[in-house]
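Raw contents of entry_4.pdb, PDB, C-alpha atoms, pLDDT in the B column:
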MODEL        1
ATOM      1  CA  MET A 858     -20.685 -16.539  24.994  1.00 87.00           C
ATOM      2  CA  LYS A 859     -18.477 -19.409  24.114  1.00 96.00           C
ATOM      3  CA  LYS A 860     -14.776 -20.088  24.334  1.00 97.00           C
ATOM      4  CA  LEU A 861     -12.559 -19.669  21.289  1.00 98.00           C
ATOM      5  CA  GLU A 862     -11.198 -23.182  20.965  1.00 97.00           C
ATOM      6  CA  SER A 863     -11.507 -24.659  17.468  1.00 97.00           C
ATOM      7  CA  ARG A 864     -10.912 -24.034  13.787  1.00 96.00           C
ATOM      8  CA  GLU A 865     -14.690 -23.571  13.418  1.00 97.00           C
ATOM      9  CA  ASP A 866     -14.578 -20.840  16.068  1.00 98.00           C
ATOM     10  CA  ILE A 867     -11.771 -19.107  14.182  1.00 98.00           C
ATOM     11  CA  GLU A 868     -13.789 -19.327  10.970  1.00 98.00           C
ATOM     12  CA  LEU A 869     -16.757 -17.681  12.699  1.00 98.00           C
ATOM     13  CA  LEU A 870     -14.507 -14.977  14.138  1.00 98.00           C
ATOM     14  CA  VAL A 871     -12.716 -14.237  10.865  1.00 98.00           C
ATOM     15  CA  ASN A 872     -15.919 -14.297   8.780  1.00 98.00           C
ATOM     16  CA  SER A 873     -17.721 -12.002  11.219  1.00 98.00           C
ATOM     17  CA  PHE A 874     -14.735  -9.671  11.325  1.00 98.00           C
ATOM     18  CA  TYR A 875     -14.427  -9.348   7.554  1.00 98.00           C
ATOM     19  CA  THR A 876     -18.154  -8.709   7.242  1.00 97.00           C
ATOM     20  CA  LYS A 877     -17.496  -5.582   9.322  1.00 98.00           C
ATOM     21  CA  VAL A 878     -14.282  -4.673   7.526  1.00 97.00           C
ATOM     22  CA  ILE A 879     -15.808  -4.695   4.049  1.00 96.00           C
ATOM     23  CA  ASP A 880     -18.391  -2.069   4.965  1.00 95.00           C
ATOM     24  CA  ASP A 881     -16.079   0.031   7.117  1.00 98.00           C
ATOM     25  CA  GLU A 882     -15.477   3.583   5.910  1.00 97.00           C
ATOM     26  CA  THR A 883     -11.938   3.733   7.308  1.00 97.00           C
ATOM     27  CA  ILE A 884     -10.427   0.486   6.009  1.00 98.00           C
ATOM     28  CA  GLY A 885     -12.933  -1.222   3.718  1.00 97.00           C
ATOM     29  CA  PHE A 886     -11.552   0.499   0.619  1.00 97.00           C
ATOM     30  CA  PHE A 887      -8.223  -1.313   1.001  1.00 97.00           C
ATOM     31  CA  PHE A 888     -10.025  -4.611   0.485  1.00 96.00           C
ATOM     32  CA  LYS A 889     -12.601  -3.512  -2.098  1.00 96.00           C
ATOM     33  CA  ASP A 890     -10.793  -0.890  -4.168  1.00 96.00           C
ATOM     34  CA  ILE A 891      -7.037  -1.028  -3.656  1.00 96.00           C
ATOM     35  CA  ILE A 892      -6.327  -4.754  -3.734  1.00 95.00           C
ATOM     36  CA  LYS A 893      -9.741  -6.160  -4.645  1.00 95.00           C
ATOM     37  CA  VAL A 894      -9.412  -9.110  -2.288  1.00 95.00           C
ATOM     38  CA  ASP A 895     -10.589 -12.495  -3.483  1.00 96.00           C
ATOM     39  CA  PHE A 896     -12.152 -13.612  -0.218  1.00 96.00           C
ATOM     40  CA  GLU A 897     -12.452 -17.242  -1.333  1.00 96.00           C
ATOM     41  CA  LYS A 898      -8.639 -17.325  -1.264  1.00 95.00           C
ATOM     42  CA  HIS A 899      -8.044 -14.800   1.522  1.00 95.00           C
ATOM     43  CA  LEU A 900     -10.326 -16.179   4.243  1.00 97.00           C
ATOM     44  CA  PRO A 901      -8.797 -19.682   4.387  1.00 97.00           C
ATOM     45  CA  LYS A 902      -5.366 -18.047   4.776  1.00 95.00           C
ATOM     46  CA  MET A 903      -6.700 -15.987   7.655  1.00 96.00           C
ATOM     47  CA  TYR A 904      -8.226 -19.080   9.289  1.00 97.00           C
ATOM     48  CA  SER A 905      -4.825 -20.780   9.119  1.00 96.00           C
ATOM     49  CA  PHE A 906      -2.995 -17.658  10.303  1.00 96.00           C
ATOM     50  CA  TRP A 907      -5.104 -17.331  13.451  1.00 96.00           C
ATOM     51  CA  GLU A 908      -5.144 -21.089  14.029  1.00 96.00           C
ATOM     52  CA  THR A 909      -1.341 -20.956  14.014  1.00 95.00           C
ATOM     53  CA  ILE A 910      -1.199 -17.868  16.244  1.00 95.00           C
ATOM     54  CA  LEU A 911      -3.732 -19.101  18.804  1.00 95.00           C
ATOM     55  CA  PHE A 912      -3.399 -22.867  18.776  1.00 95.00           C
ATOM     56  CA  GLY A 913       0.133 -23.459  17.449  1.00 90.00           C
ATOM     57  CA  GLN A 914      -1.228 -25.656  14.658  1.00 83.00           C
ATOM     58  CA  MET A 915       1.361 -24.356  12.157  1.00 83.00           C
ATOM     59  CA  SER A 916      -1.210 -24.469   9.376  1.00 85.00           C
ATOM     60  CA  TYR A 917      -0.231 -21.000   8.082  1.00 87.00           C
ATOM     61  CA  LYS A 918       2.614 -20.686   5.618  1.00 86.00           C
ATOM     62  CA  GLY A 919       3.444 -17.173   4.613  1.00 86.00           C
ATOM     63  CA  ASN A 920       4.828 -13.792   5.555  1.00 90.00           C
ATOM     64  CA  PRO A 921       2.033 -11.367   6.431  1.00 88.00           C
ATOM     65  CA  MET A 922       4.411  -8.413   6.664  1.00 89.00           C
ATOM     66  CA  ALA A 923       5.754  -8.983   3.158  1.00 92.00           C
ATOM     67  CA  VAL A 924       2.212  -9.162   1.763  1.00 92.00           C
ATOM     68  CA  HIS A 925       1.371  -5.721   3.166  1.00 93.00           C
ATOM     69  CA  PHE A 926       4.381  -3.758   1.865  1.00 93.00           C
ATOM     70  CA  PRO A 927       3.125  -3.641  -1.762  1.00 93.00           C
ATOM     71  CA  ILE A 928      -0.300  -2.480  -0.541  1.00 94.00           C
ATOM     72  CA  ASN A 929       1.406   0.235   1.496  1.00 94.00           C
ATOM     73  CA  GLN A 930       3.114   1.434  -1.705  1.00 94.00           C
ATOM     74  CA  LEU A 931      -0.228   1.680  -3.518  1.00 93.00           C
ATOM     75  CA  GLU A 932      -2.003   3.412  -0.618  1.00 95.00           C
ATOM     76  CA  ALA A 933      -0.408   4.420   2.669  1.00 95.00           C
ATOM     77  CA  MET A 934      -1.434   2.113   5.486  1.00 96.00           C
ATOM     78  CA  LYS A 935      -1.399   4.483   8.431  1.00 96.00           C
ATOM     79  CA  LYS A 936      -1.606   4.022  12.175  1.00 95.00           C
ATOM     80  CA  ARG A 937      -5.289   5.040  12.143  1.00 97.00           C
ATOM     81  CA  HIS A 938      -6.031   2.206   9.696  1.00 97.00           C
ATOM     82  CA  PHE A 939      -4.430  -0.340  12.015  1.00 97.00           C
ATOM     83  CA  GLU A 940      -6.221   1.168  14.998  1.00 97.00           C
ATOM     84  CA  ARG A 941      -9.547   0.736  13.209  1.00 98.00           C
ATOM     85  CA  TRP A 942      -8.639  -2.828  12.194  1.00 98.00           C
ATOM     86  CA  LEU A 943      -7.871  -3.523  15.841  1.00 98.00           C
ATOM     87  CA  GLU A 944     -11.090  -1.901  17.045  1.00 98.00           C
ATOM     88  CA  LEU A 945     -13.191  -4.058  14.702  1.00 98.00           C
ATOM     89  CA  TRP A 946     -11.246  -7.206  15.634  1.00 98.00           C
ATOM     90  CA  LYS A 947     -11.704  -6.634  19.375  1.00 98.00           C
ATOM     91  CA  GLN A 948     -15.377  -5.823  18.889  1.00 98.00           C
ATOM     92  CA  THR A 949     -15.900  -9.051  16.942  1.00 98.00           C
ATOM     93  CA  ILE A 950     -14.137 -11.132  19.579  1.00 98.00           C
ATOM     94  CA  GLU A 951     -16.056  -9.529  22.435  1.00 97.00           C
ATOM     95  CA  GLU A 952     -19.386 -10.098  20.656  1.00 98.00           C
ATOM     96  CA  ASN A 953     -18.709 -13.802  20.144  1.00 98.00           C
ATOM     97  CA  PHE A 954     -16.150 -15.221  22.556  1.00 98.00           C
ATOM     98  CA  THR A 955     -14.801 -15.254  26.073  1.00 98.00           C
ATOM     99  CA  GLY A 956     -11.898 -16.910  27.852  1.00 97.00           C
ATOM    100  CA  GLN A 957      -8.152 -17.209  27.620  1.00 97.00           C
ATOM    101  CA  ASN A 958      -7.889 -17.705  23.843  1.00 97.00           C
ATOM    102  CA  ALA A 959     -10.201 -14.758  23.215  1.00 98.00           C
ATOM    103  CA  ASP A 960      -7.981 -12.629  25.439  1.00 98.00           C
ATOM    104  CA  MET A 961      -4.891 -13.943  23.660  1.00 97.00           C
ATOM    105  CA  ALA A 962      -6.442 -13.132  20.263  1.00 98.00           C
ATOM    106  CA  ILE A 963      -6.796  -9.535  21.415  1.00 98.00           C
ATOM    107  CA  THR A 964      -3.271  -9.332  22.839  1.00 98.00           C
ATOM    108  CA  LYS A 965      -1.718 -10.891  19.727  1.00 97.00           C
ATOM    109  CA  SER A 966      -3.730  -8.600  17.448  1.00 97.00           C
ATOM    110  CA  GLU A 967      -2.529  -5.545  19.388  1.00 97.00           C
ATOM    111  CA  ASN A 968       1.073  -6.654  18.904  1.00 96.00           C
ATOM    112  CA  ILE A 969       0.498  -7.330  15.204  1.00 96.00           C
ATOM    113  CA  ALA A 970      -1.262  -4.002  14.607  1.00 96.00           C
ATOM    114  CA  ASN A 971       1.429  -2.003  16.405  1.00 96.00           C
ATOM    115  CA  LEU A 972       4.276  -3.761  14.613  1.00 95.00           C
ATOM    116  CA  MET A 973       2.639  -3.470  11.199  1.00 95.00           C
ATOM    117  CA  ALA A 974       1.782   0.209  11.689  1.00 95.00           C
ATOM    118  CA  TYR A 975       5.391   0.903  12.645  1.00 96.00           C
ATOM    119  CA  LYS A 976       6.861  -1.077   9.742  1.00 95.00           C
ATOM    120  CA  MET A 977       4.505   0.432   7.161  1.00 96.00           C
ATOM    121  CA  GLU A 978       5.254   3.973   8.347  1.00 95.00           C
ATOM    122  CA  ASN A 979       8.966   3.246   8.368  1.00 94.00           C
ATOM    123  CA  ALA A 980       8.816   1.824   4.836  1.00 92.00           C
ATOM    124  CA  ARG A 981       7.212   5.033   3.567  1.00 88.00           C
ATOM    125  CA  LYS A 982      10.103   7.068   4.957  1.00 85.00           C
ATOM    126  CA  HIS A 983      12.686   5.178   2.891  1.00 72.00           C
TER
ENDMDL
END
Encoded form (structure tokens):
Amino acid sequence: MKKLESREDIELLVNSFYTKVIDDETIGFFFKDIIKVDFEKHLPKMYSFWETILFGQMSYKGNPMAVHFPINQLEAMKKRHFERWLELWKQTIEENFTGQNADMAITKSENIANLMAYKMENARKH
């Protein structure tokens, strides 16, 4: 196991994670069927997002919450979807990395998943 400490490590983490996501019965359809993600464009954004979150590099420019609201209107993004996302993320981290940044990636992802699940549910009520 190695420490999560570079952009290359983030790329490995994100690539490994999305390999799982695509084939996942619970959330894969969001990426394949609902929004038909162009991974050549999406993955570099995710590298920058996590590089910013974990290393403070400020390489990510965007609003992840705003990006998810239109998806939520097409297909409800429910708490169980975020829980599965989180489960796959944690699994990917634990398979590949150890140390403080790996732990922080899990903690930050828990906060993100909980906040997004709440906001998406709230948006559907209004």
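For the choices A:His925, A:Lys918, A:Lys859, A:Lys947, the atom-to-atom distance to Met977 of chain A is smallest for A:His925 when using all atoms listed in the file.
Using all atoms listed in the file, the shortest contact distance between Lys935 of chain A and any of A:Glu967, A:Glu978, A:Asp895, A:Asp866 is found at A:Glu978.
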Please enclose the listed atoms of segment 880-894 of chain A in an axis-aligned box, pad each side by 6 Å, and write out the centre and the three edge lengths in Å, rounded to one decimal, as AutoDock Vina command-line options.
--center_x -12.4 --center_y -2.7 --center_z 1.3 --size_x 24.1 --size_y 24.8 --size_z 24.0
Among the residues A:Ser916, A:Asp890, A:Met858, A:Ile963, the one that comes closest to Trp942 of chain A [using all atoms listed in the file]: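 Closest candidate: A:Ile963.
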Translate the PyMOL selection byres ((chain A and resi 884) around 12), as applied to the file shown, into an explicit residue set as a CSV table (one decimal) with C-alpha atoms, keeping the file's coordinate frame.
chain,number,residue,atom,x,y,z
A,875,TYR,CA,-14.4,-9.3,7.6
A,877,LYS,CA,-17.5,-5.6,9.3
A,878,VAL,CA,-14.3,-4.7,7.5
A,879,ILE,CA,-15.8,-4.7,4.0
A,880,ASP,CA,-18.4,-2.1,5.0
A,881,ASP,CA,-16.1,0.0,7.1
A,882,GLU,CA,-15.5,3.6,5.9
A,883,THR,CA,-11.9,3.7,7.3
A,885,GLY,CA,-12.9,-1.2,3.7
A,886,PHE,CA,-11.6,0.5,0.6
A,887,PHE,CA,-8.2,-1.3,1.0
A,888,PHE,CA,-10.0,-4.6,0.5
A,889,LYS,CA,-12.6,-3.5,-2.1
A,890,ASP,CA,-10.8,-0.9,-4.2
A,891,ILE,CA,-7.0,-1.0,-3.7
A,892,ILE,CA,-6.3,-4.8,-3.7
A,932,GLU,CA,-2.0,3.4,-0.6
A,933,ALA,CA,-0.4,4.4,2.7
A,934,MET,CA,-1.4,2.1,5.5
A,935,LYS,CA,-1.4,4.5,8.4
A,936,LYS,CA,-1.6,4.0,12.2
A,937,ARG,CA,-5.3,5.0,12.1
A,938,HIS,CA,-6.0,2.2,9.7
A,939,PHE,CA,-4.4,-0.3,12.0
A,940,GLU,CA,-6.2,1.2,15.0
A,941,ARG,CA,-9.5,0.7,13.2
A,942,TRP,CA,-8.6,-2.8,12.2
A,943,LEU,CA,-7.9,-3.5,15.8
A,944,GLU,CA,-11.1,-1.9,17.0
A,945,LEU,CA,-13.2,-4.1,14.7
I'd like the neighbourhood of Met903 of chain A as a compact mmCIF listing (two decimals) with C-alpha atoms, keeping the file's coordinate frame, where a residue qualifies if any of its atoms comes within 10 Å (using all atoms listed in the file), though same-chain residues fewer than 2 positions away should be ignored.
# COMPACT_ATOMS: atom_id res chain seq x y z
CA ILE A 867 -11.77 -19.11 14.18
CA GLU A 868 -13.79 -19.33 10.97
CA VAL A 871 -12.72 -14.24 10.86
CA ASN A 872 -15.92 -14.30 8.78
CA PHE A 896 -12.15 -13.61 -0.22
CA LYS A 898 -8.64 -17.32 -1.26
CA HIS A 899 -8.04 -14.80 1.52
CA LEU A 900 -10.33 -16.18 4.24
CA PRO A 901 -8.80 -19.68 4.39
CA SER A 905 -4.82 -20.78 9.12
CA PHE A 906 -3.00 -17.66 10.30
CA TRP A 907 -5.10 -17.33 13.45
CA GLU A 908 -5.14 -21.09 14.03
CA THR A 909 -1.34 -20.96 14.01
CA TYR A 917 -0.23 -21.00 8.08
CA PRO A 921 2.03 -11.37 6.43
Pick from A:Leu931, A:Leu869, A:Ala970, A:Val894 nearest to Thr949 of chain A, counting all atoms listed in the file: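 Under the stated criterion, the closest residue is A:Leu869.
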Coordinates-based distance that separates atom CA of His983 of chain A from atom CA of Asn971 of chain A (Å, one decimal):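 Interatomic distance, atom CA of Asn971 of chain A to atom CA of His983 of chain A: 19.0 Å.
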One-decimal distance in Å that lies between atom CA of Ile928 of chain A and atom CA of Lys893 of chain A: 10.9 Å
Point-to-point distance in Å for atom CA of Leu861 of chain A and atom CA of Glu951 of chain A: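 Distance reported for this atom pair: 10.8 Å.
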For Ser966 of chain A, the nearest of the candidates A:Ala980, A:Met922, A:Trp946, A:Gly913, counting all atoms listed in the file: A:Trp946
Result set, the PyMOL selection byres ((chain A and resi 860) around 8) on current file, as an MDAnalysis selection string: chainID A and resid 858:859 861:862 954:959
Residue with smallest distance to Asp960 of chain A - pool A:Asn920, A:Ser873, A:Gln948, A:Gln914, counting only C-alpha atoms: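 Looking at the shortest contact to Asp960 of chain A, the residue is A:Gln948.
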Could I see segment 922-957 of chain A restored to N, CA and C atoms, set down as a PDB file, in the coordinates of the input?
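rebuild_39.pdb was written with the following content:
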ATOM      1  N   MET A 922       3.794  -9.732   6.816  1.00 89.00           N
ATOM      2  CA  MET A 922       4.411  -8.413   6.664  1.00 89.00           C
ATOM      3  C   MET A 922       4.742  -8.160   5.200  1.00 89.00           C
ATOM      4  N   ALA A 923       5.351  -9.139   4.561  1.00 92.00           N
ATOM      5  CA  ALA A 923       5.754  -8.983   3.158  1.00 92.00           C
ATOM      6  C   ALA A 923       4.550  -8.736   2.248  1.00 92.00           C
ATOM      7  N   VAL A 924       3.421  -9.328   2.566  1.00 92.00           N
ATOM      8  CA  VAL A 924       2.212  -9.162   1.763  1.00 92.00           C
ATOM      9  C   VAL A 924       1.697  -7.722   1.835  1.00 92.00           C
ATOM     10  N   HIS A 925       1.925  -7.060   2.964  1.00 93.00           N
ATOM     11  CA  HIS A 925       1.371  -5.721   3.166  1.00 93.00           C
ATOM     12  C   HIS A 925       2.231  -4.589   2.606  1.00 93.00           C
ATOM     13  N   PHE A 926       3.527  -4.822   2.404  1.00 93.00           N
ATOM     14  CA  PHE A 926       4.381  -3.758   1.865  1.00 93.00           C
ATOM     15  C   PHE A 926       3.930  -3.258   0.489  1.00 93.00           C
ATOM     16  N   PRO A 927       3.598  -4.140  -0.454  1.00 93.00           N
ATOM     17  CA  PRO A 927       3.125  -3.641  -1.762  1.00 93.00           C
ATOM     18  C   PRO A 927       1.815  -2.844  -1.667  1.00 93.00           C
ATOM     19  N   ILE A 928       0.953  -3.221  -0.752  1.00 94.00           N
ATOM     20  CA  ILE A 928      -0.300  -2.480  -0.541  1.00 94.00           C
ATOM     21  C   ILE A 928       0.036  -1.086  -0.021  1.00 94.00           C
ATOM     22  N   ASN A 929       0.967  -1.030   0.900  1.00 94.00           N
ATOM     23  CA  ASN A 929       1.406   0.235   1.496  1.00 94.00           C
ATOM     24  C   ASN A 929       1.982   1.175   0.430  1.00 94.00           C
ATOM     25  N   GLN A 930       2.580   0.616  -0.613  1.00 94.00           N
ATOM     26  CA  GLN A 930       3.114   1.434  -1.705  1.00 94.00           C
ATOM     27  C   GLN A 930       1.992   1.986  -2.575  1.00 94.00           C
ATOM     28  N   LEU A 931       0.924   1.219  -2.731  1.00 93.00           N
ATOM     29  CA  LEU A 931      -0.228   1.680  -3.518  1.00 93.00           C
ATOM     30  C   LEU A 931      -1.021   2.743  -2.771  1.00 93.00           C
ATOM     31  N   GLU A 932      -1.228   2.511  -1.477  1.00 95.00           N
ATOM     32  CA  GLU A 932      -2.003   3.412  -0.618  1.00 95.00           C
ATOM     33  C   GLU A 932      -1.431   3.298   0.792  1.00 95.00           C
ATOM     34  N   ALA A 933      -1.039   4.430   1.350  1.00 95.00           N
ATOM     35  CA  ALA A 933      -0.408   4.420   2.669  1.00 95.00           C
ATOM     36  C   ALA A 933      -1.307   3.764   3.709  1.00 95.00           C
ATOM     37  N   MET A 934      -0.761   2.763   4.367  1.00 96.00           N
ATOM     38  CA  MET A 934      -1.434   2.113   5.486  1.00 96.00           C
ATOM     39  C   MET A 934      -0.942   2.804   6.746  1.00 96.00           C
ATOM     40  N   LYS A 935      -1.798   3.624   7.316  1.00 96.00           N
ATOM     41  CA  LYS A 935      -1.399   4.483   8.431  1.00 96.00           C
ATOM     42  C   LYS A 935      -1.849   3.898   9.763  1.00 96.00           C
ATOM     43  N   LYS A 936      -1.294   4.480  10.818  1.00 95.00           N
ATOM     44  CA  LYS A 936      -1.606   4.022  12.175  1.00 95.00           C
ATOM     45  C   LYS A 936      -3.117   3.992  12.418  1.00 95.00           C
ATOM     46  N   ARG A 937      -3.835   4.992  11.935  1.00 97.00           N
ATOM     47  CA  ARG A 937      -5.289   5.040  12.143  1.00 97.00           C
ATOM     48  C   ARG A 937      -5.991   3.861  11.467  1.00 97.00           C
ATOM     49  N   HIS A 938      -5.445   3.379  10.364  1.00 97.00           N
ATOM     50  CA  HIS A 938      -6.031   2.206   9.696  1.00 97.00           C
ATOM     51  C   HIS A 938      -5.866   0.963  10.572  1.00 97.00           C
ATOM     52  N   PHE A 939      -4.680   0.815  11.142  1.00 97.00           N
ATOM     53  CA  PHE A 939      -4.430  -0.340  12.015  1.00 97.00           C
ATOM     54  C   PHE A 939      -5.227  -0.238  13.307  1.00 97.00           C
ATOM     55  N   GLU A 940      -5.397   0.977  13.802  1.00 97.00           N
ATOM     56  CA  GLU A 940      -6.221   1.168  14.998  1.00 97.00           C
ATOM     57  C   GLU A 940      -7.669   0.777  14.731  1.00 97.00           C
ATOM     58  N   ARG A 941      -8.172   1.105  13.560  1.00 98.00           N
ATOM     59  CA  ARG A 941      -9.547   0.736  13.209  1.00 98.00           C
ATOM     60  C   ARG A 941      -9.657  -0.776  13.029  1.00 98.00           C
ATOM     61  N   TRP A 942      -8.677  -1.372  12.362  1.00 98.00           N
ATOM     62  CA  TRP A 942      -8.639  -2.828  12.194  1.00 98.00           C
ATOM     63  C   TRP A 942      -8.721  -3.488  13.569  1.00 98.00           C
ATOM     64  N   LEU A 943      -7.917  -2.979  14.485  1.00 98.00           N
ATOM     65  CA  LEU A 943      -7.871  -3.523  15.841  1.00 98.00           C
ATOM     66  C   LEU A 943      -9.202  -3.331  16.563  1.00 98.00           C
ATOM     67  N   GLU A 944      -9.797  -2.181  16.412  1.00 98.00           N
ATOM     68  CA  GLU A 944     -11.090  -1.901  17.045  1.00 98.00           C
ATOM     69  C   GLU A 944     -12.164  -2.883  16.557  1.00 98.00           C
ATOM     70  N   LEU A 945     -12.201  -3.119  15.253  1.00 98.00           N
ATOM     71  CA  LEU A 945     -13.191  -4.058  14.702  1.00 98.00           C
ATOM     72  C   LEU A 945     -12.909  -5.489  15.144  1.00 98.00           C
ATOM     73  N   TRP A 946     -11.641  -5.860  15.201  1.00 98.00           N
ATOM     74  CA  TRP A 946     -11.246  -7.206  15.634  1.00 98.00           C
ATOM     75  C   TRP A 946     -11.671  -7.446  17.082  1.00 98.00           C
ATOM     76  N   LYS A 947     -11.339  -6.508  17.964  1.00 98.00           N
ATOM     77  CA  LYS A 947     -11.704  -6.634  19.375  1.00 98.00           C
ATOM     78  C   LYS A 947     -13.224  -6.704  19.536  1.00 98.00           C
ATOM     79  N   GLN A 948     -13.912  -5.851  18.826  1.00 98.00           N
ATOM     80  CA  GLN A 948     -15.377  -5.823  18.889  1.00 98.00           C
ATOM     81  C   GLN A 948     -15.949  -7.185  18.484  1.00 98.00           C
ATOM     82  N   THR A 949     -15.419  -7.756  17.433  1.00 98.00           N
ATOM     83  CA  THR A 949     -15.900  -9.051  16.942  1.00 98.00           C
ATOM     84  C   THR A 949     -15.630 -10.151  17.961  1.00 98.00           C
ATOM     85  N   ILE A 950     -14.458 -10.136  18.549  1.00 98.00           N
ATOM     86  CA  ILE A 950     -14.137 -11.132  19.579  1.00 98.00           C
ATOM     87  C   ILE A 950     -15.092 -10.991  20.759  1.00 98.00           C
ATOM     88  N   GLU A 951     -15.236  -9.765  21.240  1.00 97.00           N
ATOM     89  CA  GLU A 951     -16.056  -9.529  22.435  1.00 97.00           C
ATOM     90  C   GLU A 951     -17.530  -9.841  22.202  1.00 97.00           C
ATOM     91  N   GLU A 952     -17.998  -9.754  20.982  1.00 98.00           N
ATOM     92  CA  GLU A 952     -19.386 -10.098  20.656  1.00 98.00           C
ATOM     93  C   GLU A 952     -19.624 -11.607  20.617  1.00 98.00           C
ATOM     94  N   ASN A 953     -18.548 -12.371  20.400  1.00 98.00           N
ATOM     95  CA  ASN A 953     -18.709 -13.802  20.144  1.00 98.00           C
ATOM     96  C   ASN A 953     -18.044 -14.742  21.137  1.00 98.00           C
ATOM     97  N   PHE A 954     -16.970 -14.288  21.783  1.00 98.00           N
ATOM     98  CA  PHE A 954     -16.150 -15.221  22.556  1.00 98.00           C
ATOM     99  C   PHE A 954     -15.726 -14.659  23.899  1.00 98.00           C
ATOM    100  N   THR A 955     -15.333 -15.585  24.757  1.00 98.00           N
ATOM    101  CA  THR A 955     -14.801 -15.254  26.073  1.00 98.00           C
ATOM    102  C   THR A 955     -13.663 -16.232  26.370  1.00 98.00           C
ATOM    103  N   GLY A 956     -12.918 -15.958  27.413  1.00 97.00           N
ATOM    104  CA  GLY A 956     -11.898 -16.910  27.852  1.00 97.00           C
ATOM    105  C   GLY A 956     -10.484 -16.541  27.445  1.00 97.00           C
ATOM    106  N   GLN A 957      -9.587 -17.433  27.791  1.00 97.00           N
ATOM    107  CA  GLN A 957      -8.152 -17.209  27.620  1.00 97.00           C
ATOM    108  C   GLN A 957      -7.752 -17.017  26.162  1.00 97.00           C
TER     109      GLN A 957
END
